[in-house]
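Trainee: So I've got this file, entry00.cif, and it contains mmCIF, C-alpha atoms and all ligand atoms:
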data_coords
loop_
_atom_site.label_atom_id
_atom_site.label_comp_id
_atom_site.auth_asym_id
_atom_site.auth_seq_id
_atom_site.Cartn_x
_atom_site.Cartn_y
_atom_site.Cartn_z
CA MET Y 485 -54.75 -153.32 177.46
CA THR Y 486 -54.73 -149.63 176.61
CA THR Y 487 -52.04 -147.48 178.15
CA ASP Y 488 -52.69 -144.01 179.56
CA ARG Y 489 -50.68 -142.50 176.74
CA GLU Y 490 -52.88 -144.24 174.14
CA THR Y 491 -55.98 -143.09 176.02
CA LEU Y 492 -54.77 -139.48 176.04
CA LEU Y 493 -54.00 -139.51 172.32
CA ALA Y 494 -57.35 -141.15 171.59
CA TRP Y 495 -59.10 -138.37 173.52
CA VAL Y 496 -57.30 -135.68 171.52
CA ASP Y 497 -58.44 -137.36 168.30
CA ALA Y 498 -62.01 -138.03 169.44
CA GLU Y 499 -62.42 -134.46 170.72
CA LYS Y 500 -60.53 -132.79 167.91
CA GLN Y 501 -63.56 -130.79 166.80
CA ASP Y 502 -64.08 -129.45 170.34
CA LEU Y 503 -60.46 -128.33 170.48
CA ILE Y 504 -60.77 -126.54 167.14
CA ASP Y 505 -64.08 -124.93 168.21
CA PHE Y 506 -62.45 -123.76 171.42
CA LEU Y 507 -59.53 -122.13 169.59
CA GLN Y 508 -61.83 -120.45 167.05
CA GLY Y 509 -64.00 -119.03 169.84
CA PHE Y 510 -60.89 -117.95 171.75
CA ILE Y 511 -59.65 -115.97 168.71
CA ARG Y 512 -63.11 -114.40 168.26
CA ALA Y 513 -63.01 -113.21 171.88
CA LYS Y 514 -60.89 -110.14 171.07
CA SER Y 515 -58.10 -109.34 173.54
CA PRO Y 516 -55.74 -106.82 171.92
CA ASN Y 517 -53.08 -105.26 174.12
CA PRO Y 518 -52.98 -102.30 174.16
CA PRO Y 519 -55.51 -101.66 175.59
CA GLY Y 520 -55.22 -105.10 177.22
CA ASP Y 521 -58.81 -105.71 178.28
CA THR Y 522 -58.97 -109.54 178.28
CA ARG Y 523 -62.32 -110.09 179.97
CA ALA Y 524 -64.08 -111.53 176.91
CA ALA Y 525 -61.27 -114.02 176.25
CA ALA Y 526 -61.04 -114.90 179.95
CA ASP Y 527 -64.82 -115.55 179.96
CA HIS Y 528 -64.34 -117.98 177.09
CA ILE Y 529 -61.85 -119.96 179.20
CA LYS Y 530 -63.99 -119.73 182.33
CA LYS Y 531 -67.07 -121.09 180.52
CA PHE Y 532 -65.04 -123.99 179.19
CA LEU Y 533 -63.62 -124.86 182.63
CA GLU Y 534 -67.11 -124.64 184.13
CA ARG Y 535 -68.56 -126.99 181.51
CA GLN Y 536 -65.74 -129.41 182.32
CA LYS Y 537 -66.45 -128.99 186.06
CA LEU Y 538 -62.89 -127.84 186.67
CA PRO Y 539 -62.60 -125.40 189.58
CA TYR Y 540 -60.54 -122.26 189.01
CA ARG Y 541 -59.72 -118.93 190.62
CA VAL Y 542 -59.61 -115.50 189.05
CA ILE Y 543 -56.80 -113.26 190.30
CA ALA Y 544 -57.37 -109.78 188.95
CA PRO Y 545 -55.27 -106.99 190.46
CA ARG Y 546 -56.69 -104.95 187.56
CA GLU Y 547 -60.32 -105.79 186.87
CA GLU Y 548 -59.97 -105.70 183.07
CA MET Y 549 -56.86 -107.91 183.10
CA PRO Y 550 -57.92 -111.12 184.86
CA ASN Y 551 -55.61 -114.08 185.39
CA ILE Y 552 -57.06 -117.58 185.63
CA VAL Y 553 -55.42 -120.12 187.91
CA ALA Y 554 -56.50 -123.75 188.39
CA SER Y 555 -54.77 -126.63 190.16
CA PHE Y 556 -55.34 -130.24 191.06
CA ASP Y 557 -53.49 -132.68 193.26
CA ALA Y 558 -52.85 -136.16 191.94
CA ARG Y 559 -53.19 -139.44 193.80
CA SER Y 560 -49.84 -139.32 195.52
CA ALA Y 561 -47.25 -136.73 196.43
CA GLY Y 562 -44.76 -135.68 193.80
CA ARG Y 563 -43.53 -132.77 191.74
CA HIS Y 564 -45.47 -129.69 190.71
CA LEU Y 565 -45.72 -128.85 187.01
CA VAL Y 566 -47.04 -125.42 185.98
CA LEU Y 567 -48.57 -124.65 182.57
CA ASN Y 568 -48.53 -121.03 181.46
CA GLY Y 569 -49.95 -119.09 178.54
CA HIS Y 570 -51.12 -115.55 177.92
CA ILE Y 571 -54.62 -114.43 176.91
CA ASP Y 572 -53.82 -111.00 175.46
CA VAL Y 573 -52.65 -110.56 171.86
CA PHE Y 574 -51.07 -107.90 169.66
CA PRO Y 575 -53.42 -105.23 168.29
CA VAL Y 576 -54.39 -105.20 164.58
CA GLY Y 577 -54.85 -101.47 163.98
CA ASP Y 578 -57.39 -101.05 161.21
CA GLY Y 579 -56.70 -104.54 159.90
CA PHE Y 580 -54.79 -103.20 156.88
CA GLY Y 581 -53.18 -105.97 154.84
CA TRP Y 582 -55.31 -108.79 156.26
CA THR Y 583 -57.11 -110.94 153.71
CA ARG Y 584 -59.14 -112.60 156.52
CA ASP Y 585 -61.10 -111.10 159.40
CA PRO Y 586 -58.45 -110.68 162.15
CA TRP Y 587 -61.08 -111.61 164.76
CA GLY Y 588 -62.92 -114.22 162.67
CA GLY Y 589 -61.19 -117.47 163.61
CA GLU Y 590 -61.94 -118.50 160.02
CA ILE Y 591 -60.76 -121.88 158.70
CA VAL Y 592 -59.30 -121.88 155.17
CA ASP Y 593 -57.30 -124.78 153.70
CA GLY Y 594 -56.67 -126.45 157.04
CA LYS Y 595 -55.50 -123.25 158.75
CA ILE Y 596 -57.18 -121.15 161.45
CA TYR Y 597 -56.76 -117.40 160.86
CA GLY Y 598 -56.88 -114.54 163.32
CA ARG Y 599 -54.91 -112.34 165.67
CA GLY Y 600 -53.52 -114.57 168.40
CA ALA Y 601 -53.77 -117.79 166.36
CA VAL Y 602 -50.07 -118.42 167.01
CA ASP Y 603 -49.22 -115.77 169.64
CA MET Y 604 -50.40 -117.39 171.63
CA LYS Y 605 -53.91 -118.73 171.71
CA THR Y 606 -52.72 -122.05 170.27
CA GLY Y 607 -50.21 -122.46 173.11
CA THR Y 608 -52.64 -121.31 175.79
CA THR Y 609 -55.26 -123.72 174.40
CA ALA Y 610 -52.66 -126.50 174.63
CA SER Y 611 -52.15 -125.64 178.31
CA ILE Y 612 -55.91 -125.61 179.01
CA MET Y 613 -56.50 -128.92 177.20
CA THR Y 614 -53.52 -130.53 178.93
CA PHE Y 615 -55.01 -129.53 182.26
CA MET Y 616 -58.41 -130.92 181.27
CA PHE Y 617 -57.21 -134.26 179.90
CA LEU Y 618 -54.80 -134.98 182.76
CA ASN Y 619 -57.44 -134.11 185.34
CA ARG Y 620 -59.46 -137.08 184.05
CA ILE Y 621 -56.69 -139.48 185.04
CA LYS Y 622 -55.40 -137.65 188.09
CA ASP Y 623 -55.75 -140.77 190.23
CA ARG Y 624 -52.99 -142.30 188.10
CA LEU Y 625 -50.61 -139.33 188.40
CA ARG Y 626 -48.37 -138.02 191.15
CA GLY Y 627 -47.75 -134.47 192.28
CA ARG Y 628 -49.67 -131.41 191.24
CA LEU Y 629 -50.62 -129.66 188.01
CA THR Y 630 -51.35 -125.93 187.83
CA LEU Y 631 -52.77 -123.97 184.91
CA THR Y 632 -52.07 -120.24 184.63
CA ALA Y 633 -53.74 -118.26 181.82
CA VAL Y 634 -52.57 -114.70 182.20
CA SER Y 635 -53.14 -111.16 180.89
CA ASP Y 636 -50.77 -108.26 180.30
CA GLU Y 637 -47.95 -110.14 178.54
CA GLU Y 638 -47.63 -108.33 175.21
CA THR Y 639 -46.54 -105.06 176.82
CA PHE Y 640 -44.41 -106.75 179.52
CA GLY Y 641 -46.94 -105.33 181.96
CA PRO Y 642 -47.00 -105.92 185.69
CA TRP Y 643 -50.55 -107.30 186.09
CA GLY Y 644 -50.21 -110.78 184.61
CA ALA Y 645 -47.56 -113.43 185.25
CA ARG Y 646 -45.35 -110.93 187.07
CA TYR Y 647 -48.11 -110.24 189.57
CA LEU Y 648 -48.78 -113.95 190.09
CA MET Y 649 -45.09 -114.77 190.58
CA GLU Y 650 -44.69 -111.98 193.14
CA HIS Y 651 -47.89 -112.50 195.12
CA HIS Y 652 -48.89 -116.13 194.58
CA PRO Y 653 -45.96 -118.47 195.21
CA GLU Y 654 -48.34 -121.41 194.66
CA VAL Y 655 -47.78 -120.88 190.89
CA HIS Y 656 -43.99 -121.27 191.08
CA GLY Y 657 -43.85 -125.09 190.94
CA ASP Y 658 -40.87 -127.28 190.05
CA CYS Y 659 -40.99 -126.90 186.26
CA LEU Y 660 -42.82 -124.73 183.72
CA LEU Y 661 -44.17 -125.60 180.28
CA ASN Y 662 -45.31 -122.82 177.93
CA GLY Y 663 -46.56 -122.88 174.31
CA GLU Y 664 -45.39 -119.51 172.93
CA PRO Y 665 -44.71 -119.61 169.19
CA GLY Y 666 -41.28 -120.69 168.02
CA SER Y 667 -41.03 -123.79 165.91
CA PRO Y 668 -42.03 -127.43 166.40
CA TYR Y 669 -38.37 -128.14 165.65
CA SER Y 670 -37.11 -126.33 168.72
CA VAL Y 671 -37.45 -126.26 172.50
CA ARG Y 672 -36.53 -122.92 174.03
CA PHE Y 673 -34.53 -123.00 177.23
CA GLY Y 674 -33.51 -119.34 177.29
CA GLU Y 675 -34.03 -115.89 175.84
CA LYS Y 676 -32.23 -112.60 175.48
CA GLY Y 677 -33.08 -109.67 177.74
CA PRO Y 678 -33.96 -106.12 176.67
CA LEU Y 679 -32.42 -103.01 178.22
CA TRP Y 680 -34.17 -99.81 177.14
CA LEU Y 681 -32.43 -96.46 177.61
CA GLU Y 682 -33.56 -92.93 176.83
CA PHE Y 683 -31.04 -90.16 176.11
CA THR Y 684 -31.85 -86.47 176.24
CA VAL Y 685 -29.51 -83.83 174.79
CA ARG Y 686 -30.08 -80.16 175.63
CA THR Y 687 -28.31 -77.06 174.31
CA ALA Y 688 -29.14 -73.36 174.15
CA GLY Y 689 -30.38 -73.47 170.55
CA ALA Y 690 -30.21 -70.63 168.03
CA HIS Y 691 -31.32 -69.32 164.67
CA GLY Y 692 -30.26 -71.77 161.98
CA ALA Y 693 -27.85 -69.27 160.40
CA TYR Y 694 -26.14 -68.55 163.75
CA THR Y 695 -24.43 -71.90 164.28
CA HIS Y 696 -21.65 -70.09 166.17
CA LYS Y 697 -24.18 -69.29 168.93
CA SER Y 698 -25.09 -72.83 170.05
CA LYS Y 699 -24.19 -76.47 169.64
CA SER Y 700 -26.82 -78.57 167.92
CA ALA Y 701 -28.68 -81.06 170.12
CA THR Y 702 -29.46 -83.30 167.12
CA LYS Y 703 -25.83 -83.43 165.97
CA ILE Y 704 -24.66 -84.33 169.47
CA ALA Y 705 -27.38 -87.01 169.70
CA MET Y 706 -26.37 -88.53 166.35
CA LYS Y 707 -22.73 -88.68 167.43
CA LEU Y 708 -23.61 -90.19 170.80
CA ALA Y 709 -25.95 -92.75 169.21
CA GLY Y 710 -23.12 -93.79 166.89
CA GLU Y 711 -20.67 -94.21 169.75
CA LEU Y 712 -23.13 -96.37 171.67
CA GLU Y 713 -22.37 -99.09 169.13
CA ALA Y 714 -19.46 -99.87 171.48
CA VAL Y 715 -21.84 -101.99 173.57
CA THR Y 716 -22.16 -104.45 170.68
CA LYS Y 717 -18.49 -105.38 171.20
CA ILE Y 718 -19.11 -106.79 174.69
CA LYS Y 719 -18.43 -110.52 174.67
CA PRO Y 720 -20.72 -112.86 176.60
CA ASP Y 721 -19.30 -115.14 179.27
CA VAL Y 722 -21.18 -118.45 179.13
CA SER Y 723 -20.74 -121.86 180.70
CA ASP Y 724 -19.60 -124.81 178.59
CA ASN Y 725 -23.01 -126.51 178.45
CA ILE Y 726 -24.70 -123.31 177.21
CA ARG Y 727 -21.94 -122.74 174.64
CA ALA Y 728 -22.32 -126.30 173.37
CA ALA Y 729 -26.12 -125.98 173.15
CA LEU Y 730 -25.83 -122.68 171.24
CA GLU Y 731 -23.47 -124.33 168.79
CA ILE Y 732 -25.70 -127.37 168.25
CA GLY Y 733 -28.78 -125.17 167.91
CA ARG Y 734 -27.36 -122.89 165.17
CA ALA Y 735 -29.21 -124.33 162.17
CA THR Y 736 -32.46 -124.63 164.13
CA MET Y 737 -32.25 -121.01 165.30
CA ASP Y 738 -31.69 -119.77 161.75
CA LYS Y 739 -34.64 -121.87 160.59
CA ALA Y 740 -36.95 -120.59 163.35
CA MET Y 741 -35.91 -116.91 163.39
CA GLY Y 742 -34.34 -116.21 160.00
CA ASP Y 743 -30.84 -116.34 158.50
CA ASN Y 744 -28.09 -115.12 160.88
CA ALA Y 745 -30.37 -115.42 163.91
CA ALA Y 746 -27.89 -117.86 165.49
CA ASP Y 747 -25.19 -115.16 165.43
CA THR Y 748 -27.57 -112.52 166.77
CA VAL Y 749 -28.53 -114.75 169.71
CA SER Y 750 -25.00 -114.43 171.14
CA LEU Y 751 -24.46 -110.73 170.42
CA VAL Y 752 -25.32 -107.56 172.27
CA THR Y 753 -27.47 -105.72 169.72
CA LEU Y 754 -28.39 -102.05 169.66
CA ASN Y 755 -31.40 -100.50 167.98
CA VAL Y 756 -32.12 -96.76 168.03
CA GLY Y 757 -35.88 -97.16 168.12
CA THR Y 758 -36.91 -93.51 168.17
CA ILE Y 759 -35.29 -90.11 167.72
CA ARG Y 760 -37.00 -86.74 168.03
CA GLY Y 761 -35.21 -83.43 167.76
CA GLY Y 762 -35.60 -79.89 166.51
CA LEU Y 763 -38.64 -77.76 165.74
CA LYS Y 764 -37.92 -76.28 162.34
CA VAL Y 765 -35.40 -76.61 159.52
CA ASN Y 766 -33.94 -73.17 160.12
CA MET Y 767 -33.34 -73.50 163.86
CA VAL Y 768 -30.35 -75.02 165.69
CA PRO Y 769 -32.16 -77.62 167.83
CA SER Y 770 -32.04 -77.13 171.59
CA GLU Y 771 -33.34 -80.60 172.39
CA CYS Y 772 -33.07 -84.11 171.02
CA VAL Y 773 -34.39 -87.27 172.69
CA PHE Y 774 -33.69 -90.79 171.47
CA GLU Y 775 -34.44 -94.24 172.80
CA VAL Y 776 -32.32 -97.33 172.34
CA ASP Y 777 -33.27 -100.99 172.69
CA ILE Y 778 -30.20 -103.00 173.67
CA ARG Y 779 -30.61 -106.80 173.73
CA LEU Y 780 -28.42 -108.74 176.10
CA PRO Y 781 -27.43 -112.31 175.32
CA ILE Y 782 -26.97 -114.96 177.97
CA GLY Y 783 -23.70 -114.14 179.75
CA VAL Y 784 -23.88 -110.32 179.57
CA THR Y 785 -25.21 -108.25 182.46
CA LYS Y 786 -26.90 -104.88 182.52
CA GLU Y 787 -24.06 -103.60 184.71
CA GLN Y 788 -21.52 -104.47 182.01
CA VAL Y 789 -23.49 -102.51 179.43
CA LEU Y 790 -24.02 -99.52 181.71
CA SER Y 791 -20.34 -99.42 182.63
CA THR Y 792 -19.52 -99.29 178.91
CA VAL Y 793 -22.06 -96.50 178.35
CA ALA Y 794 -21.01 -94.33 181.35
CA PRO Y 795 -17.57 -93.19 180.07
CA LEU Y 796 -19.03 -92.49 176.60
CA LEU Y 797 -21.79 -90.41 178.10
CA SER Y 798 -19.37 -88.42 180.25
CA ARG Y 799 -17.80 -87.06 177.05
CA PHE Y 800 -21.17 -85.48 176.15
CA PRO Y 801 -21.92 -83.04 178.99
CA GLU Y 802 -25.12 -81.89 177.24
CA ALA Y 803 -26.59 -85.42 177.43
CA THR Y 804 -28.41 -87.27 180.22
CA MET Y 805 -29.61 -90.87 180.33
CA ARG Y 806 -32.57 -92.63 181.91
CA GLU Y 807 -33.34 -96.34 182.04
CA ILE Y 808 -36.91 -96.96 180.83
CA GLY Y 809 -37.08 -100.72 181.23
CA SER Y 810 -35.09 -103.92 181.42
CA SER Y 811 -35.34 -107.68 181.82
CA ALA Y 812 -32.24 -109.76 182.33
CA PRO Y 813 -31.52 -112.58 179.87
CA SER Y 814 -32.77 -115.89 181.26
CA TRP Y 815 -31.87 -119.52 180.77
CA CYS Y 816 -32.11 -122.96 182.34
CA ASP Y 817 -30.52 -126.34 181.66
CA PRO Y 818 -30.48 -126.95 177.87
CA ASN Y 819 -30.38 -130.68 178.62
CA GLY Y 820 -32.93 -130.68 181.43
CA GLU Y 821 -35.44 -133.44 182.08
CA MET Y 822 -38.34 -131.64 180.35
CA VAL Y 823 -36.22 -131.14 177.21
CA GLU Y 824 -35.56 -134.84 177.05
CA ILE Y 825 -39.29 -135.59 177.63
CA LEU Y 826 -40.37 -133.17 174.88
CA GLN Y 827 -37.76 -134.53 172.48
CA ARG Y 828 -38.88 -138.12 172.98
CA ASN Y 829 -42.56 -137.30 172.56
CA VAL Y 830 -42.03 -135.22 169.42
CA GLU Y 831 -39.81 -137.93 167.98
CA ASN Y 832 -42.54 -140.53 168.58
CA LEU Y 833 -45.28 -138.29 167.17
CA MET Y 834 -43.46 -136.71 164.22
CA GLY Y 835 -40.22 -138.56 163.64
CA PHE Y 836 -37.86 -135.65 164.42
CA LYS Y 837 -36.20 -134.43 167.57
CA PRO Y 838 -36.60 -130.73 168.50
CA THR Y 839 -33.35 -128.91 169.32
CA PRO Y 840 -32.85 -126.80 172.45
CA ILE Y 841 -32.35 -123.13 171.49
CA VAL Y 842 -32.32 -119.58 172.84
CA SER Y 843 -34.80 -117.05 171.44
CA LEU Y 844 -34.33 -113.42 170.52
CA GLY Y 845 -37.68 -112.21 171.89
CA GLY Y 846 -39.03 -112.53 175.40
CA THR Y 847 -41.75 -114.59 177.08
CA ASP Y 848 -43.20 -114.90 180.57
CA ALA Y 849 -41.15 -118.11 180.97
CA ARG Y 850 -38.25 -115.86 182.00
CA LEU Y 851 -40.03 -115.10 185.28
CA TRP Y 852 -39.77 -118.75 186.32
CA ARG Y 853 -36.15 -119.01 185.20
CA TYR Y 854 -35.27 -115.96 187.33
CA ARG Y 855 -36.36 -118.09 190.30
CA ASN Y 856 -34.25 -121.02 189.16
CA ILE Y 857 -37.29 -123.00 188.06
CA PRO Y 858 -36.62 -124.75 184.74
CA ALA Y 859 -38.98 -123.27 182.13
CA TYR Y 860 -39.33 -124.48 178.55
CA VAL Y 861 -41.24 -123.26 175.52
CA TYR Y 862 -42.62 -125.53 172.82
CA GLY Y 863 -45.03 -123.95 170.36
CA PRO Y 864 -46.10 -123.52 166.72
CA PHE Y 865 -44.44 -121.64 163.85
CA PRO Y 866 -45.04 -117.87 164.22
CA ASN Y 867 -46.94 -117.46 160.89
CA GLY Y 868 -47.96 -113.80 160.64
CA MET Y 869 -47.09 -113.08 164.27
CA GLY Y 870 -47.40 -109.37 164.95
CA SER Y 871 -48.22 -108.72 161.28
CA GLN Y 872 -50.96 -109.77 158.85
CA ASP Y 873 -52.91 -112.98 158.28
CA GLU Y 874 -51.67 -114.63 161.46
CA HIS Y 875 -52.64 -118.30 161.30
CA VAL Y 876 -51.93 -121.75 162.65
CA VAL Y 877 -52.04 -124.96 160.65
CA ILE Y 878 -54.67 -127.13 162.36
CA ASP Y 879 -52.49 -130.25 162.27
CA GLU Y 880 -49.69 -128.30 163.93
CA PHE Y 881 -52.08 -126.99 166.59
CA LEU Y 882 -53.12 -130.57 167.38
CA HIS Y 883 -49.48 -131.66 167.44
CA ILE Y 884 -48.69 -128.96 170.02
CA VAL Y 885 -51.65 -130.12 172.13
CA ARG Y 886 -50.54 -133.79 171.94
CA THR Y 887 -46.95 -132.89 172.83
CA HIS Y 888 -47.97 -130.84 175.86
CA VAL Y 889 -50.45 -133.48 177.05
CA LEU Y 890 -47.97 -136.36 176.82
CA SER Y 891 -45.05 -134.36 178.23
CA ALA Y 892 -47.05 -133.20 181.25
CA TYR Y 893 -48.17 -136.82 181.72
CA ASP Y 894 -44.57 -138.05 181.65
CA TYR Y 895 -43.42 -135.42 184.12
CA LEU Y 896 -46.24 -136.27 186.53
CA THR Y 897 -45.75 -140.02 186.40
CA ARG Y 898 -42.02 -140.11 187.10
CA GLU Y 899 -40.67 -140.70 190.60
ZN ZN C 901 -46.63 -114.25 173.15
#
Can you give me the file's structure in the form of structure tokens?
Ligand SMILES: [Zn+2]
Mentor:
Amino acid sequence: MTTDRETLLAWVDAEKQDLIDFLQGFIRAKSPNPPGDTRAAADHIKKFLERQKLPYRVIAPREEMPNIVASFDARSAGRHLVLNGHIDVFPVGDGFGWTRDPWGGEIVDGKIYGRGAVDMKTGTTASIMTFMFLNRIKDRLRGRLTLTAVSDEETFGPWGARYLMEHHPEVHGDCLLNGEPGSPYSVRFGEKGPLWLEFTVRTAGAHGAYTHKSKSATKIAMKLAGELEAVTKIKPDVSDNIRAALEIGRATMDKAMGDNAADTVSLVTLNVGTIRGGLKVNMVPSECVFEVDIRLPIGVTKEQVLSTVAPLLSRFPEATMREIGSSAPSWCDPNGEMVEILQRNVENLMGFKPTPIVSLGGTDARLWRYRNIPAYVYGPFPNGMGSQDEHVVIDEFLHIVRTHVLSAYDYLTRE
């Protein structure tokens, strides 16, 4: 007798070519953000769902940034699992440095190339296919499965997952699974949070030879920017289970995000992203504006950072500050049920156990964690993410699909 799990894996194998075709077509349906118009890519998903006779809704607070939501109820009552992925991708500019067409979805040596191949059309395809395969056996599942394919993620915009979470509580669910890129060796249970601040320094200004007439806005800005380094000394306050997970995940974090990433995960970091000041070499500048990107680890709040900045700023009467954006760090149980499910499935499929980690960058999964809904990310290596020749290895793509399919199945068959 064949088990459901064997049936699901057999379907992935038998329909492998369809899955690859879908991903190639998805990449060819350009959806760079900015500008963020995702209608062509959303149409690709809609056509697929229609062919599979899977009902869906389009929720589009902005016409050019549609979100697709589909749900089904299983045979009996139970828990609600939500699958989430974004449709928009990074832009490619003029394609400089690419050796393949960024919108070609070309296959070379077992890899699919194109913008979005890993961030995150592979993960979103895994969500869509999971929804399709599990729908076929819904009379053997319990609870509810919801698919959310959203726009407006790459710029942290308000019209995608944020809009759904605020206006459509039916997408909250009891647990979230997302396929953003990371590494097949890791499951992400948390991420750091950005805090963006803009500082403006104004002085009277003067002729460049008359430095006795005015203070220099650029010099003040440089001094202030240097003193802001004080925020990097703030120590996070984390619970024992998070501390233990961060310790165990060190090697995996370095492997996924580069050497020393494990240290960076637990630090407040500060990056002066832009600085603009002065009009001409022989003038004492009357204005200088700079922006800083501070990243908060789990266990540090925005209030802590701002209360470190306030006394520094008060020593520079020519300077003012404005917050231009922030998201709090987010986390859920590093040893939660979905982690254990993912670990067991990956171990069975590949022979290794992915490690729970925290990521440096952000994903929409944070929005679920803010509402105390456990939200986990399991996705492919970020080959070429945000740069050139982005690609996914086809075998890895299929592995991500299998892992999401089996893990969703496990979650929806447990009591
Ligand atoms: Zn992404």
Trainee: Scan for residues within 9 Å of the point (-52.1, -122.2, 168.9) in the coordinates of the file, using only C-alpha atoms, and reply as a list in words.
Mentor: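 These residues have at least one counted atom within 9 Å: Leu507, Gly600, Ala601, Val602, Asp603, Met604, Lys605, Thr606, Gly607, Thr608, Thr609, Ala610, Gly663, Glu664, Pro665, Gly863, Pro864, His875, Val876, Val877, Ile878, Glu880, Phe881, Leu882, Ile884 and Val885 of chain Y.
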Trainee: Measuring between only C-alpha atoms and all ligand atoms, which one of Y:Leu730, Y:Ala746, Y:Ala849, Y:Ala525 shows the shortest distance to ligand ZN 901 (chain C)?
Mentor: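 Going through Y:Leu730, Y:Ala746, Y:Ala849, Y:Ala525 one by one, the smallest distance to ligand ZN 901 (chain C) is for Y:Ala849.
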Trainee: For Pro653 of chain Y, list every protein, DNA or RNA residue within 12 Å, evaluated using all atoms listed in the file, and leave out those in the same chain fewer than 5 positions away; present the list as a list in words.
Mentor: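 After dropping sequence-adjacent residues, the list is Val566, Thr630, Ala645, Arg646, Tyr647, Leu648, Asp658, Trp852 and Arg855 of chain Y.
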Trainee: Skip Leu567 of chain Y itself and residues of its chain fewer than 2 positions away, then list as number ranges by chain all residues within 12 Å of it, counting all atoms listed in the file.
Mentor: Y: 552-555, 564-565, 569-570, 607-616, 628-634, 645, 655-664, 848-849, 852, 859-862, 888-889, 891-892
Trainee: Give me, as a ChimeraX atom specification, all polymer residues having an atom no more than 10 Å from segment 708-710 of chain Y, counting all atoms listed in the file and skipping those fewer than 3 positions away in the same chain.
Mentor: /Y:683,685,702-705,713-714,754-756,759,774-776,793,796-797,799-800,803
Trainee: By how many Å are atom CA of Ala558 of chain Y and atom CA of Asn832 of chain Y apart?
Mentor: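 That distance, rounded to one decimal, is 25.9 Å.
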Trainee: Kindly give the distance, in Å, that separates atom CA of Thr486 of chain Y and atom CA of Arg898 of chain Y, rounded to a single decimal.
Mentor: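 Distance reported for this atom pair: 19.0 Å.
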Trainee: Every residue with an atom at most 12 Å from (-43.7, -105.4, 182.1) (file coordinates; all atoms listed in the file) is what I'm after, so could you write them as a tab-separated table (two decimals) with C-alpha atoms, keeping the file's coordinate frame?
Mentor:
chain	number	residue	atom	x	y	z
Y	635	SER	CA	-53.14	-111.16	180.89
Y	636	ASP	CA	-50.77	-108.26	180.30
Y	637	GLU	CA	-47.95	-110.14	178.54
Y	638	GLU	CA	-47.63	-108.33	175.21
Y	639	THR	CA	-46.54	-105.06	176.82
Y	640	PHE	CA	-44.41	-106.75	179.52
Y	641	GLY	CA	-46.94	-105.33	181.96
Y	642	PRO	CA	-47.00	-105.92	185.69
Y	643	TRP	CA	-50.55	-107.30	186.09
Y	644	GLY	CA	-50.21	-110.78	184.61
Y	645	ALA	CA	-47.56	-113.43	185.25
Y	646	ARG	CA	-45.35	-110.93	187.07
Y	647	TYR	CA	-48.11	-110.24	189.57
Y	678	PRO	CA	-33.96	-106.12	176.67
Y	808	ILE	CA	-36.91	-96.96	180.83
Y	809	GLY	CA	-37.08	-100.72	181.23
Y	810	SER	CA	-35.09	-103.92	181.42
Y	811	SER	CA	-35.34	-107.68	181.82
Y	846	GLY	CA	-39.03	-112.53	175.40
Y	847	THR	CA	-41.75	-114.59	177.08
Y	848	ASP	CA	-43.20	-114.90	180.57
Y	850	ARG	CA	-38.25	-115.86	182.00
Y	851	LEU	CA	-40.03	-115.10	185.28
Trainee: Leaving out Ser560 of chain Y and any residue of its chain fewer than 6 positions from it, which residues lie within 8 Å of it when counting only C-alpha atoms, given as a PyMOL selection string?
Mentor: chain Y and resi 625-627
Trainee: Which polymer residues have any atom within 8 Å of an atom of Glu807 of chain Y, counting only C-alpha atoms, with same-chain residues fewer than 2 positions away left out, as a list in words?
Mentor: Leu679, Trp680, Leu681, Glu682, Met805, Gly809 and Ser810 of chain Y
Trainee: If I take atom CA of Gln827 of chain Y and atom CA of Pro858 of chain Y, how far is one from the other in Å, to one decimal?
Mentor: 15.7 Å
Trainee: Y:Asp747, Y:Gly733, Y:His528, Y:Arg599: which is nearest Val671 of chain Y, counting only C-alpha atoms?
Mentor: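 Comparing Y:Asp747, Y:Gly733, Y:His528, Y:Arg599 against Val671 of chain Y, the winner is Y:Gly733.
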Trainee: Between Y:Asp738, Y:Glu711, Y:Asp721, Y:Asp572, which residue has the minimum interatomic distance to Pro518 of chain Y, considering all atoms listed in the file?
Mentor: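 When distances to Pro518 of chain Y are compared using all atoms listed in the file, the smallest one comes from Y:Asp572.
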Trainee: Here is a test: counting all atoms listed in the file, which residue of Y:Gly868, Y:Asn517, Y:Met706, Y:Asp488 is nearest to Arg624 of chain Y?
Mentor: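 Among the listed residues, the smallest separation from Arg624 of chain Y belongs to Y:Asp488.
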